[in-house]
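Listing of data_34.pdb; format and content: PDB, C-alpha atoms.
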```pdb
ATOM      1  CA  MET P  23    -107.555  -3.603-165.470
ATOM      2  CA  LYS P  24    -111.319  -3.959-165.272
ATOM      3  CA  HIS P  25    -110.826  -6.871-162.907
ATOM      4  CA  ASP P  26    -108.514  -4.788-160.718
ATOM      5  CA  LEU P  27    -111.073  -1.995-160.486
ATOM      6  CA  TRP P  28    -113.676  -4.381-159.056
ATOM      7  CA  LYS P  29    -111.159  -5.761-156.608
ATOM      8  CA  ASN P  30    -110.245  -2.223-155.480
ATOM      9  CA  ILE P  31    -113.904  -1.299-155.121
ATOM     10  CA  GLY P  32    -114.547  -4.404-153.026
ATOM     11  CA  MET P  33    -111.659  -3.622-150.676
ATOM     12  CA  ILE P  34    -112.731   0.020-150.373
ATOM     13  CA  ALA P  35    -116.263  -1.087-149.473
ATOM     14  CA  ILE P  36    -114.981  -3.409-146.727
ATOM     15  CA  GLY P  37    -112.474  -0.855-145.400
ATOM     16  CA  SER P  38    -115.006   1.945-145.315
ATOM     17  CA  ALA P  39    -117.720  -0.203-143.727
ATOM     18  CA  ILE P  40    -115.270  -0.900-140.872
ATOM     19  CA  GLY P  41    -114.036   2.715-140.657
ATOM     20  CA  THR P  42    -117.572   4.126-140.671
ATOM     21  CA  SER P  43    -118.718   1.637-138.009
ATOM     22  CA  LEU P  44    -115.816   2.634-135.760
ATOM     23  CA  ARG P  45    -116.716   6.290-136.279
ATOM     24  CA  TYR P  46    -120.341   5.519-135.378
ATOM     25  CA  TYR P  47    -119.316   3.840-132.103
ATOM     26  CA  LEU P  48    -116.926   6.621-131.144
ATOM     27  CA  ASN P  49    -119.622   9.220-131.812
ATOM     28  CA  LEU P  50    -122.082   7.222-129.762
ATOM     29  CA  TYR P  51    -119.753   6.886-126.773
ATOM     30  CA  THR P  52    -118.877  10.583-126.732
ATOM     31  CA  LEU P  53    -122.467  11.757-127.342
ATOM     32  CA  ALA P  54    -123.125  12.439-123.648
ATOM     33  CA  THR P  55    -120.485  15.204-123.617
ATOM     34  CA  GLY P  56    -122.720  17.315-125.913
ATOM     35  CA  TYR P  57    -119.641  18.325-127.913
ATOM     36  CA  PRO P  58    -118.289  16.828-131.156
ATOM     37  CA  ILE P  59    -115.290  15.284-129.405
ATOM     38  CA  GLY P  60    -115.739  12.018-131.295
ATOM     39  CA  THR P  61    -115.211  13.720-134.654
ATOM     40  CA  ILE P  62    -112.011  15.385-133.440
ATOM     41  CA  ILE P  63    -110.593  12.045-132.254
ATOM     42  CA  GLU P  64    -111.575  10.379-135.545
ATOM     43  CA  ASN P  65    -110.148  13.080-137.783
ATOM     44  CA  LEU P  66    -106.856  13.347-135.875
ATOM     45  CA  GLY P  67    -106.460   9.579-135.456
ATOM     46  CA  GLY P  68    -107.316   8.885-139.109
ATOM     47  CA  SER P  69    -104.860  11.577-140.224
ATOM     48  CA  LEU P  70    -102.084   9.958-138.163
ATOM     49  CA  LEU P  71    -102.835   6.546-139.678
ATOM     50  CA  LEU P  72    -103.127   7.718-143.282
ATOM     51  CA  GLY P  73     -99.979   9.835-142.919
ATOM     52  CA  PHE P  74     -98.162   6.772-141.587
ATOM     53  CA  LEU P  75     -99.409   4.525-144.402
ATOM     54  CA  THR P  76     -98.524   7.118-147.038
ATOM     55  CA  GLY P  77     -94.960   7.493-145.729
ATOM     56  CA  TRP P  78     -94.523   3.734-145.409
ATOM     57  CA  PHE P  79     -95.978   2.939-148.824
ATOM     58  CA  ILE P  80     -93.637   5.418-150.523
ATOM     59  CA  ILE P  81     -90.725   3.190-149.471
ATOM     60  CA  LYS P  82     -92.489  -0.172-149.527
ATOM     61  CA  VAL P  83     -94.955  -0.043-152.411
ATOM     62  CA  PRO P  84     -97.863  -2.402-151.636
ATOM     63  CA  ARG P  85    -100.491  -4.003-153.863
ATOM     64  CA  GLU P  86    -103.002  -1.440-155.081
ATOM     65  CA  TRP P  87    -105.991  -3.169-153.434
ATOM     66  CA  LEU P  88    -104.270  -3.088-150.045
ATOM     67  CA  LYS P  89    -103.359   0.580-150.457
ATOM     68  CA  VAL P  90    -106.853   1.702-151.443
ATOM     69  CA  GLY P  91    -108.572  -0.635-148.969
ATOM     70  CA  LEU P  92    -106.698   0.898-146.040
ATOM     71  CA  GLY P  93    -106.364   4.472-147.348
ATOM     72  CA  VAL P  94    -109.485   5.259-149.367
ATOM     73  CA  GLY P  95    -111.617   2.747-147.440
ATOM     74  CA  LEU P  96    -110.616   2.491-143.774
ATOM     75  CA  CYS P  97    -109.082   5.958-143.191
ATOM     76  CA  GLY P  98    -111.480   7.657-145.600
ATOM     77  CA  GLY P  99    -114.518   6.112-143.930
ATOM     78  CA  PHE P 100    -113.235   6.710-140.395
ATOM     79  CA  THR P 101    -112.655  10.438-140.971
ATOM     80  CA  THR P 102    -115.177  12.943-142.290
ATOM     81  CA  MET P 103    -115.387  16.478-143.606
ATOM     82  CA  SER P 104    -119.181  16.834-143.862
ATOM     83  CA  THR P 105    -119.622  16.256-140.116
ATOM     84  CA  LEU P 106    -116.812  18.740-139.447
ATOM     85  CA  ALA P 107    -118.791  21.310-141.448
ATOM     86  CA  SER P 108    -122.066  20.573-139.659
ATOM     87  CA  ASP P 109    -120.380  20.416-136.220
ATOM     88  CA  SER P 110    -118.775  23.822-136.661
ATOM     89  CA  VAL P 111    -122.115  25.355-137.691
ATOM     90  CA  PHE P 112    -123.845  23.581-134.787
ATOM     91  CA  LEU P 113    -121.315  24.964-132.285
ATOM     92  CA  PHE P 114    -121.689  28.443-133.765
ATOM     93  CA  LEU P 115    -125.497  28.378-133.518
ATOM     94  CA  GLU P 116    -125.955  26.504-130.225
ATOM     95  CA  HIS P 117    -122.864  27.591-128.302
ATOM     96  CA  THR P 118    -120.466  30.425-129.111
ATOM     97  CA  TRP P 119    -118.475  31.554-132.133
ATOM     98  CA  TRP P 120    -115.175  31.017-130.375
ATOM     99  CA  LEU P 121    -115.995  27.404-129.572
ATOM    100  CA  SER P 122    -116.724  26.873-133.250
ATOM    101  CA  ALA P 123    -113.446  28.581-134.193
ATOM    102  CA  LEU P 124    -111.550  26.485-131.645
ATOM    103  CA  TYR P 125    -113.074  23.310-133.074
ATOM    104  CA  ILE P 126    -112.081  24.208-136.642
ATOM    105  CA  ILE P 127    -108.554  25.285-135.698
ATOM    106  CA  LEU P 128    -107.984  22.203-133.547
ATOM    107  CA  SER P 129    -109.243  19.907-136.311
ATOM    108  CA  VAL P 130    -107.351  21.507-139.192
ATOM    109  CA  PHE P 131    -103.987  22.278-137.551
ATOM    110  CA  GLY P 132    -104.137  19.151-135.388
ATOM    111  CA  GLY P 133    -105.008  16.972-138.364
ATOM    112  CA  ILE P 134    -102.154  18.324-140.475
ATOM    113  CA  VAL P 135     -99.635  17.916-137.617
ATOM    114  CA  PHE P 136    -100.841  14.372-136.929
ATOM    115  CA  ALA P 137    -100.611  13.492-140.638
ATOM    116  CA  LEU P 138     -97.074  14.920-140.777
ATOM    117  CA  VAL P 139     -95.945  12.978-137.698
ATOM    118  CA  GLY P 140     -97.495   9.811-139.150
ATOM    119  CA  TYR P 141     -95.848  10.414-142.520
ATOM    120  CA  LEU P 142     -92.359  10.846-141.027
ATOM    121  CA  LEU P 143     -92.817   7.791-138.790
ATOM    122  CA  GLY P 144     -94.082   5.687-141.702
ATOM    123  CA  LYS P 145     -91.101   6.649-143.858
ATOM    124  CA  LYS P 146     -88.738   5.710-141.043
ATOM    125  CA  VAL P 147     -90.374   2.315-140.591
ATOM    126  CA  GLY P 148     -90.323   1.671-144.355
ATOM    127  CA  LYS P 149     -86.638   2.583-144.627
ATOM    128  CA  ARG P 150     -85.657   0.409-141.686
ATOM    129  CA  GLN P 151     -87.615  -2.470-143.189
ATOM    130  CA  ALA P 152     -85.971  -1.963-146.580
ATOM    131  CA  SER P 153     -82.459  -1.856-145.094
ATOM    132  CA  LEU P 154     -83.147  -5.035-143.105
ATOM    133  CA  GLU P 155     -84.192  -6.787-146.293
ATOM    134  CA  VAL P 156     -81.060  -5.634-148.098
ATOM    135  CA  GLY P 157     -78.997  -6.938-145.152
ATOM    136  CA  GLN P 158     -80.633 -10.326-145.402
ATOM    137  CA  GLY P 159     -80.300 -10.533-149.195
TER
ATOM    138  CA  MET T  28    -129.434  -3.269-137.649
ATOM    139  CA  ASN T  29    -127.886   0.123-136.889
ATOM    140  CA  LEU T  30    -124.452  -1.184-137.750
ATOM    141  CA  LEU T  31    -125.712  -2.566-141.067
ATOM    142  CA  LEU T  32    -127.121   0.842-142.074
ATOM    143  CA  VAL T  33    -123.932   2.617-141.097
ATOM    144  CA  GLY T  34    -121.775   0.021-142.869
ATOM    145  CA  VAL T  35    -123.772   0.004-146.115
ATOM    146  CA  GLY T  36    -123.969   3.812-146.228
ATOM    147  CA  GLY T  37    -120.252   4.038-145.477
ATOM    148  CA  ALA T  38    -119.294   1.523-148.152
ATOM    149  CA  LEU T  39    -121.413   3.282-150.790
ATOM    150  CA  GLY T  40    -120.057   6.701-149.814
ATOM    151  CA  ALA T  41    -116.428   5.612-150.121
ATOM    152  CA  ILE T  42    -117.039   3.872-153.471
ATOM    153  CA  CYS T  43    -118.652   7.061-154.836
ATOM    154  CA  ARG T  44    -115.694   9.115-153.519
ATOM    155  CA  TYR T  45    -113.226   6.767-155.183
ATOM    156  CA  LEU T  46    -114.989   6.708-158.559
ATOM    157  CA  LEU T  47    -115.655  10.450-158.634
ATOM    158  CA  GLY T  48    -112.025  11.036-157.641
ATOM    159  CA  LEU T  49    -110.805   8.837-160.519
ATOM    160  CA  ALA T  50    -113.114  10.625-162.970
ATOM    161  CA  ILE T  51    -111.923  14.083-161.883
ATOM    162  CA  MET T  52    -108.258  13.043-161.960
ATOM    163  CA  SER T  53    -108.571  11.620-165.476
ATOM    164  CA  ARG T  54    -110.095  14.889-166.653
ATOM    165  CA  PHE T  55    -107.571  17.068-164.794
ATOM    166  CA  PRO T  56    -104.410  14.977-164.643
ATOM    167  CA  LYS T  57    -102.068  17.711-163.403
ATOM    168  CA  PRO T  58    -103.974  20.135-161.175
ATOM    169  CA  PRO T  59    -102.051  22.775-159.152
ATOM    170  CA  PHE T  60    -103.510  21.285-155.942
ATOM    171  CA  PRO T  61    -105.575  18.161-155.140
ATOM    172  CA  ILE T  62    -108.756  19.330-156.814
ATOM    173  CA  ALA T  63    -110.522  15.938-156.709
ATOM    174  CA  MET T  64    -110.875  15.741-152.911
ATOM    175  CA  LEU T  65    -111.709  19.448-152.733
ATOM    176  CA  ILE T  66    -114.691  18.867-155.039
ATOM    177  CA  VAL T  67    -115.714  15.684-153.187
ATOM    178  CA  ASN T  68    -115.608  17.328-149.744
ATOM    179  CA  VAL T  69    -117.463  20.453-150.824
ATOM    180  CA  LEU T  70    -120.120  18.398-152.650
ATOM    181  CA  GLY T  71    -120.564  16.040-149.699
ATOM    182  CA  SER T  72    -120.962  18.934-147.268
ATOM    183  CA  LEU T  73    -123.576  20.467-149.558
ATOM    184  CA  GLY T  74    -125.353  17.115-149.627
ATOM    185  CA  LEU T  75    -125.381  16.819-145.832
ATOM    186  CA  GLY T  76    -126.723  20.378-145.541
ATOM    187  CA  LEU T  77    -129.515  19.571-148.007
ATOM    188  CA  PHE T  78    -130.373  16.416-146.071
ATOM    189  CA  TYR T  79    -130.423  18.087-142.641
ATOM    190  CA  GLY T  80    -132.416  21.066-143.922
ATOM    191  CA  SER T  81    -135.063  19.052-145.768
ATOM    192  CA  TYR T  82    -135.395  16.143-143.334
ATOM    193  CA  TYR T  83    -134.952  17.790-139.928
ATOM    194  CA  GLY T  84    -135.038  21.541-140.488
ATOM    195  CA  ALA T  85    -132.268  21.569-137.870
ATOM    196  CA  ILE T  86    -128.839  20.096-137.173
ATOM    197  CA  PRO T  87    -129.522  16.919-135.198
ATOM    198  CA  LEU T  88    -126.963  15.947-132.598
ATOM    199  CA  GLY T  89    -128.340  12.769-131.097
ATOM    200  CA  ALA T  90    -130.348  11.046-133.838
ATOM    201  CA  TYR T  91    -128.387   7.834-133.399
ATOM    202  CA  GLU T  92    -131.448   5.586-133.369
ATOM    203  CA  GLU T  93    -132.875   6.902-136.604
ATOM    204  CA  PRO T  94    -132.320   4.769-139.746
ATOM    205  CA  ALA T  95    -132.166   7.704-142.211
ATOM    206  CA  PHE T  96    -129.615   9.540-140.059
ATOM    207  CA  LEU T  97    -127.421   6.455-139.760
ATOM    208  CA  LEU T  98    -127.587   5.502-143.437
ATOM    209  CA  ILE T  99    -127.325   8.970-144.999
ATOM    210  CA  ALA T 100    -125.588  11.294-142.517
ATOM    211  CA  ILE T 101    -123.186   9.013-140.623
ATOM    212  CA  GLY T 102    -122.897   6.425-143.385
ATOM    213  CA  PHE T 103    -123.060   7.903-146.850
ATOM    214  CA  PHE T 104    -122.029  11.557-146.497
ATOM    215  CA  GLY T 105    -119.739  10.781-143.565
ATOM    216  CA  ALA T 106    -117.716   8.384-145.678
ATOM    217  CA  PHE T 107    -118.153  10.172-149.015
ATOM    218  CA  THR T 108    -116.263  13.101-147.519
ATOM    219  CA  THR T 109    -112.877  12.566-145.928
ATOM    220  CA  PHE T 110    -110.556  14.390-143.601
ATOM    221  CA  SER T 111    -107.524  12.092-143.584
ATOM    222  CA  THR T 112    -106.892  12.514-147.318
ATOM    223  CA  PHE T 113    -107.236  16.269-146.864
ATOM    224  CA  SER T 114    -104.599  16.411-144.114
ATOM    225  CA  THR T 115    -102.242  13.960-145.866
ATOM    226  CA  GLU T 116    -102.452  15.823-149.175
ATOM    227  CA  THR T 117    -101.679  19.026-147.270
ATOM    228  CA  VAL T 118     -98.568  17.347-145.808
ATOM    229  CA  GLN T 119     -97.463  16.372-149.308
ATOM    230  CA  LEU T 120     -97.829  19.982-150.479
ATOM    231  CA  TYR T 121     -95.837  21.046-147.403
ATOM    232  CA  GLN T 122     -93.076  18.552-148.271
ATOM    233  CA  LYS T 123     -92.897  20.048-151.762
ATOM    234  CA  LYS T 124     -92.858  23.542-150.225
ATOM    235  CA  ALA T 125     -95.803  24.405-152.492
ATOM    236  CA  TRP T 126     -97.023  27.199-150.215
ATOM    237  CA  LYS T 127     -99.569  28.877-152.474
ATOM    238  CA  PRO T 128    -101.293  25.611-153.451
ATOM    239  CA  LEU T 129    -101.222  24.599-149.770
ATOM    240  CA  ILE T 130    -102.968  27.765-148.637
ATOM    241  CA  ALA T 131    -105.439  27.564-151.533
ATOM    242  CA  TYR T 132    -106.236  23.887-150.923
ATOM    243  CA  THR T 133    -106.715  24.097-147.146
ATOM    244  CA  SER T 134    -108.705  27.329-147.119
ATOM    245  CA  LEU T 135    -110.915  26.393-150.089
ATOM    246  CA  THR T 136    -111.668  23.004-148.532
ATOM    247  CA  ILE T 137    -112.589  24.308-145.072
ATOM    248  CA  VAL T 138    -114.361  27.515-146.104
ATOM    249  CA  GLY T 139    -115.977  25.781-149.092
ATOM    250  CA  SER T 140    -117.272  22.828-147.065
ATOM    251  CA  ILE T 141    -118.764  25.000-144.303
ATOM    252  CA  THR T 142    -120.237  27.519-146.756
ATOM    253  CA  MET T 143    -121.831  24.862-148.939
ATOM    254  CA  PHE T 144    -123.203  23.053-145.886
ATOM    255  CA  VAL T 145    -124.839  26.306-144.729
ATOM    256  CA  PHE T 146    -126.098  26.950-148.270
ATOM    257  CA  GLY T 147    -127.668  23.497-148.604
ATOM    258  CA  PHE T 148    -129.145  23.695-145.115
ATOM    259  CA  SER T 149    -130.655  27.161-145.482
ATOM    260  CA  ILE T 150    -132.277  26.662-148.912
ATOM    261  CA  THR T 151    -134.129  23.522-147.764
ATOM    262  CA  LYS T 152    -134.887  24.392-144.140
TER
END
```

Show the structure stored in the file as structure tokens.
Amino acid sequence: MKHDLWKNIGMIAIGSAIGTSLRYYLNLYTLATGYPIGTIIENLGGSLLLGFLTGWFIIKVPREWLKVGLGVGLCGGFTTMSTLASDSVFLFLEHTWWLSALYIILSVFGGIVFALVGYLLGKKVGKRQASLEVGQG
Amino acid sequence: MNLLLVGVGGALGAICRYLLGLAIMSRFPKPPFPIAMLIVNVLGSLGLGLFYGSYYGAIPLGAYEEPAFLLIAIGFFGAFTTFSTFSTETVQLYQKKAWKPLIAYTSLTIVGSITMFVFGFSITK
């Protein structure tokens, strides 16, 4: 158990280092727009991926280290809530209140819809995979 | 060098999120909604507000060459908090048709994170 915890922590560290680096690059490339477009892409994309993995892993249960490495590490590191908070305050102070509201609504509703679409897709893929394996057995 | 700062901060942030999440879940094994990530996200937003207020006295947009910004803001607090777990947990509440917990979880997370960021920022600015 203790051994597993260290293994999980190691995989989370690697996953998050990759996810955070990707977030850094996306932010950097969208910096010239002056708007937090990078964070929107990251939060929606990461929601789609984690939704997909969650749906898939319900059907095809993976090893714990793989699950936490991809979910807690990669998706968790790629997406962020603290930047969402600071971005929405930044937009409110430097631009207009409605731009800030638009950003929040787009992130929250978009993120939930993307996670739902990913979840349903992941479940479908898992089920198809499981039925193929039954067919072969 | 920049990538190393971002990667190390990100790895540490996610490890802290994982361990704090486990600790909260062992103390509250059956919460009405995912309380662990709510606490993590609100705490992390408070932390980022404290950092921005004390270090910059402003919300920096383009500090992408600054080591402290990369390590602490993009790296640590960026990865300590998470959006994908928030949206996926909301989907799971939706699947269970747990409407009240869903409303409570989403609104407390968003309002709580923004409010605590503003709080941290304004007391240190």

* Expected answer as number ranges by chain: chain T residues within 7 Å of chain P, only C-alpha atoms -> T: 30, 33-35, 37-39, 41-42, 68, 71-72, 75, 86, 101-102, 104-106, 108-112, 114-115, 117-118, 140-141, 144

Evaluated on this file, the PyMOL selection byres ((chain T and resi 64) around 10) picks out some residues - which ones are they, written as a PDB file with C-alpha atoms, in the coordinates of the input?
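Once everything was written out, this is out15.pdb:
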```pdb
ATOM      1  CA  ARG T  44    -115.694   9.115-153.519  1.00  0.00           C
ATOM      2  CA  TYR T  45    -113.226   6.767-155.183  1.00  0.00           C
ATOM      3  CA  LEU T  47    -115.655  10.450-158.634  1.00  0.00           C
ATOM      4  CA  GLY T  48    -112.025  11.036-157.641  1.00  0.00           C
ATOM      5  CA  ILE T  51    -111.923  14.083-161.883  1.00  0.00           C
ATOM      6  CA  MET T  52    -108.258  13.043-161.960  1.00  0.00           C
ATOM      7  CA  PHE T  60    -103.510  21.285-155.942  1.00  0.00           C
ATOM      8  CA  PRO T  61    -105.575  18.161-155.140  1.00  0.00           C
ATOM      9  CA  ILE T  62    -108.756  19.330-156.814  1.00  0.00           C
ATOM     10  CA  ALA T  63    -110.522  15.938-156.709  1.00  0.00           C
ATOM     11  CA  LEU T  65    -111.709  19.448-152.733  1.00  0.00           C
ATOM     12  CA  ILE T  66    -114.691  18.867-155.039  1.00  0.00           C
ATOM     13  CA  VAL T  67    -115.714  15.684-153.187  1.00  0.00           C
ATOM     14  CA  ASN T  68    -115.608  17.328-149.744  1.00  0.00           C
ATOM     15  CA  VAL T  69    -117.463  20.453-150.824  1.00  0.00           C
ATOM     16  CA  LEU T  70    -120.120  18.398-152.650  1.00  0.00           C
ATOM     17  CA  PHE T 107    -118.153  10.172-149.015  1.00  0.00           C
ATOM     18  CA  THR T 108    -116.263  13.101-147.519  1.00  0.00           C
ATOM     19  CA  THR T 109    -112.877  12.566-145.928  1.00  0.00           C
ATOM     20  CA  PHE T 110    -110.556  14.390-143.601  1.00  0.00           C
ATOM     21  CA  THR T 112    -106.892  12.514-147.318  1.00  0.00           C
ATOM     22  CA  PHE T 113    -107.236  16.269-146.864  1.00  0.00           C
ATOM     23  CA  GLU T 116    -102.452  15.823-149.175  1.00  0.00           C
ATOM     24  CA  TYR T 132    -106.236  23.887-150.923  1.00  0.00           C
ATOM     25  CA  THR T 136    -111.668  23.004-148.532  1.00  0.00           C
TER      26      THR T 136
END
```

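Rounded to one decimal, atom CA of T:Lys123 and atom CA of T:Cys43 lie 29.0 Å from each other.
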
Taking all atoms of stretch 54-69 of chain T that the file lists and extending 8 Å past them on each side, where is the centre of the axis-aligned box and how long are its edges? Answer in Å to one decimal, as lines of an AutoDock Vina configuration file.
```
center_x = -109.8
center_y = 18.8
center_z = -158.2
size_x = 31.4
size_y = 23.9
size_z = 32.9
```

* Asked: atom CA of T:Leu120 and atom CA of P:Ile80 are how many Å apart?
  -> 15.2 Å

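Proximity to P:Val147 was assessed for P:Trp28, P:Tyr51, P:Thr61, P:Phe79 counting only C-alpha atoms; the smallest distance is recorded for P:Phe79.
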
* To do: Please evaluate the PyMOL selection byres ((chain P and resi 82) around 9) against the structure above and give the resulting residues as a ChimeraX atom specification.
  => /P:77-81,83-84,145,148-149,151-152

* the PyMOL selection byres ((chain T and resi 151) around 8) resolved against shown file, as a ChimeraX atom specification -> /T:77,80-81,84,147-150,152

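For the pair atom CA of T:Pro87 and atom CA of T:Leu73, the interatomic distance is 15.9 Å.
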
Residue completion, stretch 84-110 of chain T, N, CA and C atoms, as an mmCIF file, in the coordinates of the input:
```cif
data_model
loop_
_atom_site.group_PDB
_atom_site.id
_atom_site.type_symbol
_atom_site.label_atom_id
_atom_site.label_comp_id
_atom_site.auth_asym_id
_atom_site.auth_seq_id
_atom_site.Cartn_x
_atom_site.Cartn_y
_atom_site.Cartn_z
ATOM 1 N N GLY T 84 -134.875 20.099 -140.682
ATOM 2 C CA GLY T 84 -135.038 21.541 -140.488
ATOM 3 C C GLY T 84 -134.153 22.041 -139.356
ATOM 4 N N ALA T 85 -133.189 21.230 -138.964
ATOM 5 C CA ALA T 85 -132.268 21.569 -137.870
ATOM 6 C C ALA T 85 -131.033 20.684 -138.012
ATOM 7 N N ILE T 86 -130.006 20.973 -137.191
ATOM 8 C CA ILE T 86 -128.839 20.096 -137.173
ATOM 9 C C ILE T 86 -129.005 19.137 -136.007
ATOM 10 N N PRO T 87 -129.296 17.867 -136.284
ATOM 11 C CA PRO T 87 -129.522 16.919 -135.198
ATOM 12 C C PRO T 87 -128.202 16.508 -134.563
ATOM 13 N N LEU T 88 -128.193 16.388 -133.252
ATOM 14 C CA LEU T 88 -126.963 15.947 -132.598
ATOM 15 C C LEU T 88 -127.071 14.493 -132.158
ATOM 16 N N GLY T 89 -128.231 14.123 -131.654
ATOM 17 C CA GLY T 89 -128.340 12.769 -131.097
ATOM 18 C C GLY T 89 -129.371 11.900 -131.773
ATOM 19 N N ALA T 90 -129.361 11.860 -133.123
ATOM 20 C CA ALA T 90 -130.348 11.046 -133.838
ATOM 21 C C ALA T 90 -129.814 9.649 -134.114
ATOM 22 N N TYR T 91 -129.108 9.078 -133.146
ATOM 23 C CA TYR T 91 -128.387 7.834 -133.399
ATOM 24 C C TYR T 91 -129.254 6.578 -133.411
ATOM 25 N N GLU T 92 -130.566 6.749 -133.257
ATOM 26 C CA GLU T 92 -131.448 5.586 -133.369
ATOM 27 C C GLU T 92 -132.278 5.660 -134.644
ATOM 28 N N GLU T 93 -132.036 6.704 -135.436
ATOM 29 C CA GLU T 93 -132.875 6.902 -136.604
ATOM 30 C C GLU T 93 -132.235 6.342 -137.875
ATOM 31 N N PRO T 94 -132.921 5.414 -138.577
ATOM 32 C CA PRO T 94 -132.320 4.769 -139.746
ATOM 33 C C PRO T 94 -131.802 5.736 -140.811
ATOM 34 N N ALA T 95 -132.583 6.785 -141.149
ATOM 35 C CA ALA T 95 -132.166 7.704 -142.211
ATOM 36 C C ALA T 95 -130.891 8.446 -141.817
ATOM 37 N N PHE T 96 -130.798 8.834 -140.552
ATOM 38 C CA PHE T 96 -129.615 9.540 -140.059
ATOM 39 C C PHE T 96 -128.381 8.641 -140.163
ATOM 40 N N LEU T 97 -128.547 7.395 -139.749
ATOM 41 C CA LEU T 97 -127.421 6.455 -139.760
ATOM 42 C C LEU T 97 -126.958 6.150 -141.181
ATOM 43 N N LEU T 98 -127.929 5.878 -142.058
ATOM 44 C CA LEU T 98 -127.587 5.502 -143.437
ATOM 45 C C LEU T 98 -127.015 6.681 -144.221
ATOM 46 N N ILE T 99 -127.676 7.845 -144.136
ATOM 47 C CA ILE T 99 -127.325 8.970 -144.999
ATOM 48 C C ILE T 99 -126.276 9.897 -144.373
ATOM 49 N N ALA T 100 -126.497 10.304 -143.117
ATOM 50 C CA ALA T 100 -125.588 11.294 -142.517
ATOM 51 C C ALA T 100 -124.283 10.658 -142.041
ATOM 52 N N ILE T 101 -124.395 9.676 -141.138
ATOM 53 C CA ILE T 101 -123.186 9.013 -140.623
ATOM 54 C C ILE T 101 -122.567 8.138 -141.709
ATOM 55 N N GLY T 102 -123.400 7.352 -142.380
ATOM 56 C CA GLY T 102 -122.897 6.425 -143.385
ATOM 57 C C GLY T 102 -122.462 7.110 -144.664
ATOM 58 N N PHE T 103 -123.421 7.452 -145.506
ATOM 59 C CA PHE T 103 -123.060 7.903 -146.850
ATOM 60 C C PHE T 103 -122.218 9.178 -146.876
ATOM 61 N N PHE T 104 -122.770 10.290 -146.380
ATOM 62 C CA PHE T 104 -122.029 11.557 -146.497
ATOM 63 C C PHE T 104 -120.802 11.579 -145.589
ATOM 64 N N GLY T 105 -120.898 10.875 -144.449
ATOM 65 C CA GLY T 105 -119.739 10.781 -143.565
ATOM 66 C C GLY T 105 -118.546 10.151 -144.256
ATOM 67 N N ALA T 106 -118.811 9.097 -145.012
ATOM 68 C CA ALA T 106 -117.716 8.384 -145.678
ATOM 69 C C ALA T 106 -117.413 8.936 -147.068
ATOM 70 N N PHE T 107 -118.406 9.546 -147.712
ATOM 71 C CA PHE T 107 -118.153 10.172 -149.015
ATOM 72 C C PHE T 107 -117.116 11.272 -148.852
ATOM 73 N N THR T 108 -117.264 12.071 -147.805
ATOM 74 C CA THR T 108 -116.263 13.101 -147.519
ATOM 75 C C THR T 108 -115.162 12.486 -146.667
ATOM 76 N N THR T 109 -113.993 13.111 -146.688
ATOM 77 C CA THR T 109 -112.877 12.566 -145.928
ATOM 78 C C THR T 109 -112.006 13.680 -145.378
ATOM 79 N N PHE T 110 -111.468 13.421 -144.194
ATOM 80 C CA PHE T 110 -110.556 14.390 -143.601
ATOM 81 C C PHE T 110 -109.107 13.921 -143.711
#
```
